[in-house]
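Enquirer: Got model-v3.csv for you, CSV, N, CA and C atoms:
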chain,number,residue,atom,x,y,z
A,1,MET,N,-3.1,51.3,2.6
A,1,MET,CA,-4.5,51.5,2.4
A,1,MET,C,-5.0,52.6,3.3
A,2,SER,N,-5.6,53.6,2.6
A,2,SER,CA,-6.1,54.8,3.3
A,2,SER,C,-7.4,54.4,4.1
A,3,TYR,N,-7.6,55.2,5.2
A,3,TYR,CA,-8.9,55.0,5.9
A,3,TYR,C,-9.5,56.4,6.1
A,4,TYR,N,-10.8,56.4,6.1
A,4,TYR,CA,-11.6,57.7,6.2
A,4,TYR,C,-12.5,57.7,7.4
A,5,PHE,N,-12.3,58.7,8.2
A,5,PHE,CA,-13.2,58.9,9.4
A,5,PHE,C,-14.2,59.9,8.9
A,6,ILE,N,-15.5,59.4,8.9
A,6,ILE,CA,-16.6,60.2,8.4
A,6,ILE,C,-17.6,60.5,9.6
A,7,ALA,N,-17.9,61.8,9.7
A,7,ALA,CA,-18.8,62.2,10.8
A,7,ALA,C,-20.0,63.0,10.3
A,8,GLN,N,-21.1,62.7,10.8
A,8,GLN,CA,-22.3,63.5,10.6
A,8,GLN,C,-22.6,64.1,12.0
A,9,ILE,N,-22.7,65.5,12.0
A,9,ILE,CA,-22.8,66.2,13.3
A,9,ILE,C,-23.9,67.2,13.3
A,10,GLU,N,-24.6,67.2,14.4
A,10,GLU,CA,-25.6,68.3,14.7
A,10,GLU,C,-25.1,69.0,15.9
A,11,ILE,N,-24.6,70.2,15.8
A,11,ILE,CA,-24.1,70.9,16.9
A,11,ILE,C,-25.2,71.5,17.8
A,12,LYS,N,-25.2,71.2,19.1
A,12,LYS,CA,-26.3,71.6,20.0
A,12,LYS,C,-25.8,72.7,20.9
A,13,ASP,N,-24.5,72.8,21.2
A,13,ASP,CA,-23.9,73.8,22.1
A,13,ASP,C,-22.6,74.4,21.4
A,14,PRO,N,-22.8,75.4,20.6
A,14,PRO,CA,-21.6,76.0,19.8
A,14,PRO,C,-20.5,76.4,20.7
A,15,GLU,N,-20.7,76.9,21.9
A,15,GLU,CA,-19.6,77.3,22.7
A,15,GLU,C,-18.7,76.2,23.2
A,16,VAL,N,-19.3,75.1,23.6
A,16,VAL,CA,-18.6,73.9,24.0
A,16,VAL,C,-17.9,73.3,22.8
A,17,TYR,N,-18.6,73.2,21.7
A,17,TYR,CA,-18.1,72.6,20.5
A,17,TYR,C,-16.9,73.4,20.0
A,18,GLN,N,-16.8,74.7,20.2
A,18,GLN,CA,-15.7,75.5,19.8
A,18,GLN,C,-14.4,75.0,20.6
A,19,LYS,N,-14.6,74.6,21.8
A,19,LYS,CA,-13.4,74.1,22.6
A,19,LYS,C,-12.8,72.9,21.8
A,20,TYR,N,-13.6,72.1,21.2
A,20,TYR,CA,-13.1,70.9,20.4
A,20,TYR,C,-12.4,71.5,19.2
A,21,LEU,N,-13.1,72.4,18.5
A,21,LEU,CA,-12.5,73.0,17.2
A,21,LEU,C,-11.1,73.7,17.5
A,22,ASP,N,-11.0,74.3,18.6
A,22,ASP,CA,-9.8,75.1,19.0
A,22,ASP,C,-8.5,74.2,18.9
A,23,LYS,N,-8.7,72.9,19.2
A,23,LYS,CA,-7.5,72.0,19.2
A,23,LYS,C,-7.5,70.9,18.1
A,24,ALA,N,-8.7,70.7,17.5
A,24,ALA,CA,-8.8,69.6,16.6
A,24,ALA,C,-7.8,69.5,15.5
A,25,GLU,N,-7.7,70.6,14.7
A,25,GLU,CA,-6.8,70.5,13.6
A,25,GLU,C,-5.3,70.3,14.0
A,26,GLU,N,-4.9,70.9,15.1
A,26,GLU,CA,-3.5,70.6,15.6
A,26,GLU,C,-3.3,69.1,15.9
A,27,VAL,N,-4.3,68.5,16.5
A,27,VAL,CA,-4.2,67.1,16.9
A,27,VAL,C,-4.3,66.2,15.6
A,28,PHE,N,-5.1,66.5,14.6
A,28,PHE,CA,-5.2,65.7,13.4
A,28,PHE,C,-3.8,65.8,12.7
A,29,ARG,N,-3.3,66.9,12.6
A,29,ARG,CA,-2.0,67.1,11.9
A,29,ARG,C,-0.9,66.3,12.6
A,30,LYS,N,-0.9,66.3,13.9
A,30,LYS,CA,0.1,65.6,14.7
A,30,LYS,C,0.1,64.1,14.4
A,31,PHE,N,-1.1,63.6,14.2
A,31,PHE,CA,-1.3,62.2,14.0
A,31,PHE,C,-1.6,61.8,12.5
A,32,LYS,N,-1.1,62.7,11.6
A,32,LYS,CA,-1.2,62.4,10.2
A,32,LYS,C,-2.6,62.4,9.6
A,33,GLY,N,-3.5,63.0,10.2
A,33,GLY,CA,-4.8,63.1,9.7
A,33,GLY,C,-4.9,64.3,8.8
A,34,LYS,N,-5.8,64.2,7.7
A,34,LYS,CA,-5.9,65.4,6.8
A,34,LYS,C,-7.4,65.6,6.5
A,35,TYR,N,-7.9,66.8,6.8
A,35,TYR,CA,-9.3,67.1,6.5
A,35,TYR,C,-9.5,67.1,5.0
A,36,LEU,N,-10.5,66.4,4.6
A,36,LEU,CA,-10.9,66.4,3.2
A,36,LEU,C,-12.2,67.2,3.0
A,37,VAL,N,-13.1,67.1,4.0
A,37,VAL,CA,-14.4,67.7,3.9
A,37,VAL,C,-14.8,68.3,5.3
A,38,VAL,N,-15.2,69.5,5.3
A,38,VAL,CA,-15.9,70.1,6.4
A,38,VAL,C,-17.0,70.9,5.8
A,39,ASP,N,-18.3,70.5,5.9
A,39,ASP,CA,-19.3,71.2,5.2
A,39,ASP,C,-20.5,71.3,6.1
A,40,ASP,N,-20.9,72.5,6.3
A,40,ASP,CA,-22.1,72.8,7.2
A,40,ASP,C,-23.4,72.8,6.5
A,41,LYS,N,-23.4,72.7,5.2
A,41,LYS,CA,-24.6,72.7,4.4
A,41,LYS,C,-24.5,71.8,3.2
A,42,PRO,N,-24.3,70.5,3.4
A,42,PRO,CA,-24.2,69.5,2.3
A,42,PRO,C,-25.5,69.5,1.5
A,43,VAL,N,-25.4,69.3,0.2
A,43,VAL,CA,-26.6,69.2,-0.6
A,43,VAL,C,-27.1,67.8,-0.6
A,44,ILE,N,-28.4,67.7,-0.2
A,44,ILE,CA,-29.0,66.4,0.0
A,44,ILE,C,-29.6,66.0,-1.4
A,45,LEU,N,-29.1,64.9,-1.9
A,45,LEU,CA,-29.5,64.4,-3.2
A,45,LEU,C,-30.5,63.4,-3.2
A,46,GLU,N,-30.5,62.5,-2.1
A,46,GLU,CA,-31.4,61.5,-2.0
A,46,GLU,C,-31.6,61.2,-0.5
A,47,GLY,N,-32.8,60.9,-0.1
A,47,GLY,CA,-33.1,60.5,1.3
A,47,GLY,C,-33.2,61.7,2.2
A,48,THR,N,-33.0,61.4,3.5
A,48,THR,CA,-33.1,62.4,4.6
A,48,THR,C,-31.7,62.5,5.2
A,49,TRP,N,-31.4,63.7,5.5
A,49,TRP,CA,-30.1,64.0,6.1
A,49,TRP,C,-30.4,65.0,7.3
A,50,ILE,N,-30.3,64.5,8.5
A,50,ILE,CA,-30.8,65.4,9.6
A,50,ILE,C,-29.6,66.2,10.3
A,51,PHE,N,-28.4,65.9,9.8
A,51,PHE,CA,-27.2,66.6,10.4
A,51,PHE,C,-26.9,67.8,9.6
A,52,THR,N,-26.3,68.8,10.3
A,52,THR,CA,-25.9,70.1,9.7
A,52,THR,C,-24.4,70.1,9.2
A,53,ARG,N,-23.6,69.2,9.8
A,53,ARG,CA,-22.2,69.3,9.5
A,53,ARG,C,-21.7,67.9,9.0
A,54,THR,N,-21.0,67.8,8.0
A,54,THR,CA,-20.4,66.6,7.5
A,54,THR,C,-18.9,66.8,7.5
A,55,VAL,N,-18.1,65.8,8.0
A,55,VAL,CA,-16.7,65.9,8.1
A,55,VAL,C,-16.1,64.6,7.6
A,56,VAL,N,-15.0,64.7,6.7
A,56,VAL,CA,-14.3,63.5,6.3
A,56,VAL,C,-12.8,63.8,6.5
A,57,ILE,N,-12.2,62.9,7.2
A,57,ILE,CA,-10.7,63.0,7.5
A,57,ILE,C,-10.0,61.8,7.0
A,58,LYS,N,-9.0,62.0,6.3
A,58,LYS,CA,-8.2,60.9,5.7
A,58,LYS,C,-7.0,60.5,6.6
A,59,PHE,N,-6.8,59.2,6.8
A,59,PHE,CA,-5.6,58.7,7.4
A,59,PHE,C,-4.9,57.8,6.4
A,60,ASN,N,-3.6,57.8,6.4
A,60,ASN,CA,-2.8,57.0,5.4
A,60,ASN,C,-3.0,55.5,5.7
A,61,ASN,N,-3.3,55.1,6.9
A,61,ASN,CA,-3.5,53.7,7.2
A,61,ASN,C,-4.2,53.5,8.5
A,62,ARG,N,-4.6,52.3,8.8
A,62,ARG,CA,-5.4,52.0,10.0
A,62,ARG,C,-4.7,52.3,11.3
A,63,LYS,N,-3.4,52.0,11.2
A,63,LYS,CA,-2.5,52.3,12.4
A,63,LYS,C,-2.6,53.8,12.8
A,64,ASP,N,-2.4,54.7,11.8
A,64,ASP,CA,-2.4,56.1,12.0
A,64,ASP,C,-3.7,56.5,12.6
A,65,PHE,N,-4.8,55.9,12.1
A,65,PHE,CA,-6.2,56.3,12.7
A,65,PHE,C,-6.2,55.8,14.1
A,66,ASP,N,-5.9,54.6,14.4
A,66,ASP,CA,-6.0,54.0,15.7
A,66,ASP,C,-5.1,54.8,16.7
A,67,VAL,N,-3.9,55.2,16.3
A,67,VAL,CA,-3.1,56.0,17.2
A,67,VAL,C,-3.7,57.3,17.5
A,68,TRP,N,-4.3,58.0,16.5
A,68,TRP,CA,-4.9,59.3,16.6
A,68,TRP,C,-6.2,59.2,17.6
A,69,TYR,N,-7.1,58.3,17.2
A,69,TYR,CA,-8.3,58.2,17.9
A,69,TYR,C,-8.2,57.8,19.4
A,70,ASN,N,-7.2,57.0,19.7
A,70,ASN,CA,-7.0,56.5,21.0
A,70,ASN,C,-6.0,57.3,21.8
A,71,SER,N,-5.4,58.3,21.2
A,71,SER,CA,-4.4,59.2,21.8
A,71,SER,C,-5.0,60.0,23.0
A,72,GLY,N,-4.2,60.3,24.0
A,72,GLY,CA,-4.6,61.1,25.1
A,72,GLY,C,-5.0,62.5,24.6
A,73,GLU,N,-4.3,63.0,23.6
A,73,GLU,CA,-4.6,64.3,23.0
A,73,GLU,C,-6.0,64.4,22.4
A,74,TYR,N,-6.4,63.4,21.6
A,74,TYR,CA,-7.7,63.4,21.0
A,74,TYR,C,-8.8,63.1,22.0
A,75,GLN,N,-8.5,62.1,22.9
A,75,GLN,CA,-9.5,61.8,23.9
A,75,GLN,C,-9.9,63.0,24.8
A,76,GLU,N,-8.9,63.9,25.0
A,76,GLU,CA,-9.1,65.1,25.8
A,76,GLU,C,-10.0,66.0,25.2
A,77,ILE,N,-10.0,66.2,23.9
A,77,ILE,CA,-10.9,67.1,23.2
A,77,ILE,C,-12.2,66.5,22.7
A,78,LEU,N,-12.2,65.1,22.5
A,78,LEU,CA,-13.3,64.4,22.1
A,78,LEU,C,-14.5,64.6,23.0
A,79,LYS,N,-14.3,64.8,24.3
A,79,LYS,CA,-15.3,65.0,25.3
A,79,LYS,C,-16.2,66.2,24.9
A,80,TYR,N,-15.5,67.2,24.4
A,80,TYR,CA,-16.3,68.5,24.0
A,80,TYR,C,-17.2,68.2,22.8
A,81,ARG,N,-16.7,67.5,21.8
A,81,ARG,CA,-17.6,67.2,20.7
A,81,ARG,C,-18.8,66.3,21.1
A,82,LEU,N,-18.5,65.3,21.9
A,82,LEU,CA,-19.6,64.4,22.3
A,82,LEU,C,-20.6,65.1,23.2
A,83,SER,N,-20.2,66.0,24.0
A,83,SER,CA,-21.1,66.7,24.9
A,83,SER,C,-21.9,67.8,24.3
A,84,ALA,N,-21.3,68.4,23.2
A,84,ALA,CA,-21.9,69.5,22.5
A,84,ALA,C,-22.7,69.2,21.3
A,85,SER,N,-22.7,68.0,20.9
A,85,SER,CA,-23.4,67.6,19.6
A,85,SER,C,-23.9,66.2,19.6
A,86,VAL,N,-24.7,65.9,18.6
A,86,VAL,CA,-25.2,64.6,18.3
A,86,VAL,C,-24.3,64.2,17.1
A,87,CYS,N,-23.7,63.0,17.2
A,87,CYS,CA,-22.8,62.6,16.1
A,87,CYS,C,-23.0,61.1,15.7
A,88,ASN,N,-22.9,60.9,14.4
A,88,ASN,CA,-22.7,59.5,13.9
A,88,ASN,C,-21.4,59.5,13.2
A,89,THR,N,-20.5,58.6,13.6
A,89,THR,CA,-19.2,58.5,13.0
A,89,THR,C,-18.9,57.0,12.5
A,90,ILE,N,-18.2,56.9,11.4
A,90,ILE,CA,-17.8,55.6,10.9
A,90,ILE,C,-16.3,55.7,10.5
A,91,LEU,N,-15.7,54.6,10.3
A,91,LEU,CA,-14.4,54.5,9.7
A,91,LEU,C,-14.5,53.6,8.5
A,92,ALA,N,-14.1,54.1,7.3
A,92,ALA,CA,-14.3,53.4,6.0
A,92,ALA,C,-12.9,53.2,5.4
A,93,LYS,N,-12.7,52.0,4.9
A,93,LYS,CA,-11.4,51.7,4.2
A,93,LYS,C,-11.5,52.1,2.8
A,94,GLY,N,-10.4,52.8,2.3
A,94,GLY,CA,-10.3,53.3,0.9
A,94,GLY,C,-10.1,52.1,0.0
A,95,LEU,N,-10.3,52.4,-1.3
A,95,LEU,CA,-10.2,51.3,-2.3
A,95,LEU,C,-8.8,50.9,-2.6
A,96,ASN,N,-7.9,51.9,-2.7
A,96,ASN,CA,-6.5,51.5,-3.0
A,96,ASN,C,-5.6,52.6,-2.4
A,97,ASP,N,-4.3,52.4,-2.6
A,97,ASP,CA,-3.3,53.4,-2.0
A,97,ASP,C,-3.1,54.6,-2.9
A,98,ASP,N,-3.7,54.7,-4.1
A,98,ASP,CA,-3.5,55.8,-5.0
A,98,ASP,C,-4.6,56.9,-4.8
A,99,ASP,N,-5.4,56.8,-3.8
A,99,ASP,CA,-6.5,57.8,-3.7
A,99,ASP,C,-6.1,59.1,-3.1
Written as structure tokens, how would this file's structure read?

Expert:
Amino acid sequence: MSYYFIAQIEIKDPEVYQKYLDKAEEVFRKFKGKYLVVDDKPVILEGTWIFTRTVVIKFNNRKDFDVWYNSGEYQEILKYRLSASVCNTILAKGLNDDD
């Protein structure tokens, strides 16, 4: 069962946030994560959307997500994202294994 890490992000300090970006893709690949969406200007269809960046990352299963999120490598760069932005993040379970 696939799992999706979904983030809504408002970047407040681009220089510090860049430190996160400099290593993020390398870490995601190492832990079997795959970017599906990185959009700095999503089209708002309904409601209010206060964030400027939307990110969706796919993991093949919950274990892969847990290993990635709790890894020393990710925790080392996560501090830059958290200090440089306002974020809402969730983990959502996919519908089936064929997605």

Enquirer: Here is a test: counting only N, CA and C atoms, which residue of A:Glu73, A:Thr48, A:Phe5, A:Glu26 is nearest to A:Lys93?

Expert: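 Between A:Glu73, A:Thr48, A:Phe5, A:Glu26, the residue approaching A:Lys93 most closely is A:Phe5.
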
Enquirer: Applying 7 Å and only C-alpha atoms, which residues near A:Thr52 remain after dropping the ones on its own chain fewer than 4 positions away? List them as a compact mmCIF listing (two decimals) with N, CA and C atoms, keeping the file's coordinate frame.

Expert:
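This is the output file around05.txt:
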# COMPACT_ATOMS: atom_id res chain seq x y z
N ILE A 9 -22.70 65.50 12.00
CA ILE A 9 -22.80 66.20 13.30
C ILE A 9 -23.90 67.20 13.30
N GLU A 10 -24.60 67.20 14.40
CA GLU A 10 -25.60 68.30 14.70
C GLU A 10 -25.10 69.00 15.90
N ASP A 40 -20.90 72.50 6.30
CA ASP A 40 -22.10 72.80 7.20
C ASP A 40 -23.40 72.80 6.50
N LYS A 41 -23.40 72.70 5.20
CA LYS A 41 -24.60 72.70 4.40
C LYS A 41 -24.50 71.80 3.20

Enquirer: Quick one, how far is atom N of A:Phe28 from atom C of A:Tyr80?

Expert: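 Computing it gives 14.7 Å between the two atoms.
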
Enquirer: Given the choices A:Leu45, A:Gln75, A:Val27, A:Arg81, which gets closest to A:Pro14 if the distance is worked out from only C-alpha atoms?

Expert: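 Ranked by minimum distance to A:Pro14, first place goes to A:Arg81.
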
Enquirer: Using DSSP on the backbone coordinates, identify all residues within chain A classified as alpha helix (DSSP H); present the result as a ChimeraX atom specification.

Expert: /A:14-30,62-70,72-84

Enquirer: What does the distance from atom CA of A:Tyr17 to atom CA of A:Asn60 come to in Å, to one decimal?

Expert: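 Result for atom CA of A:Tyr17 versus atom CA of A:Asn60: 26.6 Å, one decimal.
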
Enquirer: Interatomic distance between atom CA of A:Ser71 and atom CA of A:Phe31?

Expert: 8.9 Å

Enquirer: From the options A:Val37, A:Val43, A:Tyr4, A:Arg53, which residue's atoms come nearest to A:Ser85, counting only C-alpha atoms?

Expert: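 Distance minimum relative to A:Ser85 lands on A:Arg53.
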
Enquirer: With only C-alpha atoms as the counted atoms, please give the residues lying no more than 12 Å from A:Tyr69, apart from itself and same-chain residues fewer than 4 positions off, as a list in words.

Expert: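 Near neighbours after the sequence-gap exclusion: Phe5, Ala24, Val27, Phe28, Lys30, Phe31, Lys32, Gly33, Ile57, Phe59, Arg62, Lys63, Asp64, Phe65, Glu73, Tyr74, Gln75, Glu76, Ile77, Leu78, Thr89 and Leu91 of chain A.
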
Enquirer: Tell me which of A:Leu82, A:Ile44, A:Cys87, A:Ala7 sits closest to A:Val56, counting only N, CA and C atoms.

Expert: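 Using only N, CA and C atoms, the shortest distance to A:Val56 belongs to A:Ala7.
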
Enquirer: Out of A:Ala84, A:Val55, A:Ile6, A:Ile90, which residue has the shortest atom-to-atom distance to A:Tyr20 when counting only C-alpha atoms?

Expert: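 Of A:Ala84, A:Val55, A:Ile6, A:Ile90, the one nearest A:Tyr20 is A:Ala84, counting only C-alpha atoms.
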
Enquirer: So that I can check the secondary structure, give me every residue of stretch 2-93 of chain A assigned strand (DSSP E) by backbone DSSP, as a ChimeraX atom specification.

Expert: /A:3-11,34-39,53-59,85-93

Enquirer: What would the file look like if the residues just selected were written as a tab-separated table (two decimals), in the frame of the given file with N, CA and C atoms?

Expert:
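And here is the file that came out, result22.tsv:
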chain	number	residue	atom	x	y	z
A	3	TYR	N	-7.60	55.20	5.20
A	3	TYR	CA	-8.90	55.00	5.90
A	3	TYR	C	-9.50	56.40	6.10
A	4	TYR	N	-10.80	56.40	6.10
A	4	TYR	CA	-11.60	57.70	6.20
A	4	TYR	C	-12.50	57.70	7.40
A	5	PHE	N	-12.30	58.70	8.20
A	5	PHE	CA	-13.20	58.90	9.40
A	5	PHE	C	-14.20	59.90	8.90
A	6	ILE	N	-15.50	59.40	8.90
A	6	ILE	CA	-16.60	60.20	8.40
A	6	ILE	C	-17.60	60.50	9.60
A	7	ALA	N	-17.90	61.80	9.70
A	7	ALA	CA	-18.80	62.20	10.80
A	7	ALA	C	-20.00	63.00	10.30
A	8	GLN	N	-21.10	62.70	10.80
A	8	GLN	CA	-22.30	63.50	10.60
A	8	GLN	C	-22.60	64.10	12.00
A	9	ILE	N	-22.70	65.50	12.00
A	9	ILE	CA	-22.80	66.20	13.30
A	9	ILE	C	-23.90	67.20	13.30
A	10	GLU	N	-24.60	67.20	14.40
A	10	GLU	CA	-25.60	68.30	14.70
A	10	GLU	C	-25.10	69.00	15.90
A	11	ILE	N	-24.60	70.20	15.80
A	11	ILE	CA	-24.10	70.90	16.90
A	11	ILE	C	-25.20	71.50	17.80
A	34	LYS	N	-5.80	64.20	7.70
A	34	LYS	CA	-5.90	65.40	6.80
A	34	LYS	C	-7.40	65.60	6.50
A	35	TYR	N	-7.90	66.80	6.80
A	35	TYR	CA	-9.30	67.10	6.50
A	35	TYR	C	-9.50	67.10	5.00
A	36	LEU	N	-10.50	66.40	4.60
A	36	LEU	CA	-10.90	66.40	3.20
A	36	LEU	C	-12.20	67.20	3.00
A	37	VAL	N	-13.10	67.10	4.00
A	37	VAL	CA	-14.40	67.70	3.90
A	37	VAL	C	-14.80	68.30	5.30
A	38	VAL	N	-15.20	69.50	5.30
A	38	VAL	CA	-15.90	70.10	6.40
A	38	VAL	C	-17.00	70.90	5.80
A	39	ASP	N	-18.30	70.50	5.90
A	39	ASP	CA	-19.30	71.20	5.20
A	39	ASP	C	-20.50	71.30	6.10
A	53	ARG	N	-23.60	69.20	9.80
A	53	ARG	CA	-22.20	69.30	9.50
A	53	ARG	C	-21.70	67.90	9.00
A	54	THR	N	-21.00	67.80	8.00
A	54	THR	CA	-20.40	66.60	7.50
A	54	THR	C	-18.90	66.80	7.50
A	55	VAL	N	-18.10	65.80	8.00
A	55	VAL	CA	-16.70	65.90	8.10
A	55	VAL	C	-16.10	64.60	7.60
A	56	VAL	N	-15.00	64.70	6.70
A	56	VAL	CA	-14.30	63.50	6.30
A	56	VAL	C	-12.80	63.80	6.50
A	57	ILE	N	-12.20	62.90	7.20
A	57	ILE	CA	-10.70	63.00	7.50
A	57	ILE	C	-10.00	61.80	7.00
A	58	LYS	N	-9.00	62.00	6.30
A	58	LYS	CA	-8.20	60.90	5.70
A	58	LYS	C	-7.00	60.50	6.60
A	59	PHE	N	-6.80	59.20	6.80
A	59	PHE	CA	-5.60	58.70	7.40
A	59	PHE	C	-4.90	57.80	6.40
A	85	SER	N	-22.70	68.00	20.90
A	85	SER	CA	-23.40	67.60	19.60
A	85	SER	C	-23.90	66.20	19.60
A	86	VAL	N	-24.70	65.90	18.60
A	86	VAL	CA	-25.20	64.60	18.30
A	86	VAL	C	-24.30	64.20	17.10
A	87	CYS	N	-23.70	63.00	17.20
A	87	CYS	CA	-22.80	62.60	16.10
A	87	CYS	C	-23.00	61.10	15.70
A	88	ASN	N	-22.90	60.90	14.40
A	88	ASN	CA	-22.70	59.50	13.90
A	88	ASN	C	-21.40	59.50	13.20
A	89	THR	N	-20.50	58.60	13.60
A	89	THR	CA	-19.20	58.50	13.00
A	89	THR	C	-18.90	57.00	12.50
A	90	ILE	N	-18.20	56.90	11.40
A	90	ILE	CA	-17.80	55.60	10.90
A	90	ILE	C	-16.30	55.70	10.50
A	91	LEU	N	-15.70	54.60	10.30
A	91	LEU	CA	-14.40	54.50	9.70
A	91	LEU	C	-14.50	53.60	8.50
A	92	ALA	N	-14.10	54.10	7.30
A	92	ALA	CA	-14.30	53.40	6.00
A	92	ALA	C	-12.90	53.20	5.40
A	93	LYS	N	-12.70	52.00	4.90
A	93	LYS	CA	-11.40	51.70	4.20
A	93	LYS	C	-11.50	52.10	2.80
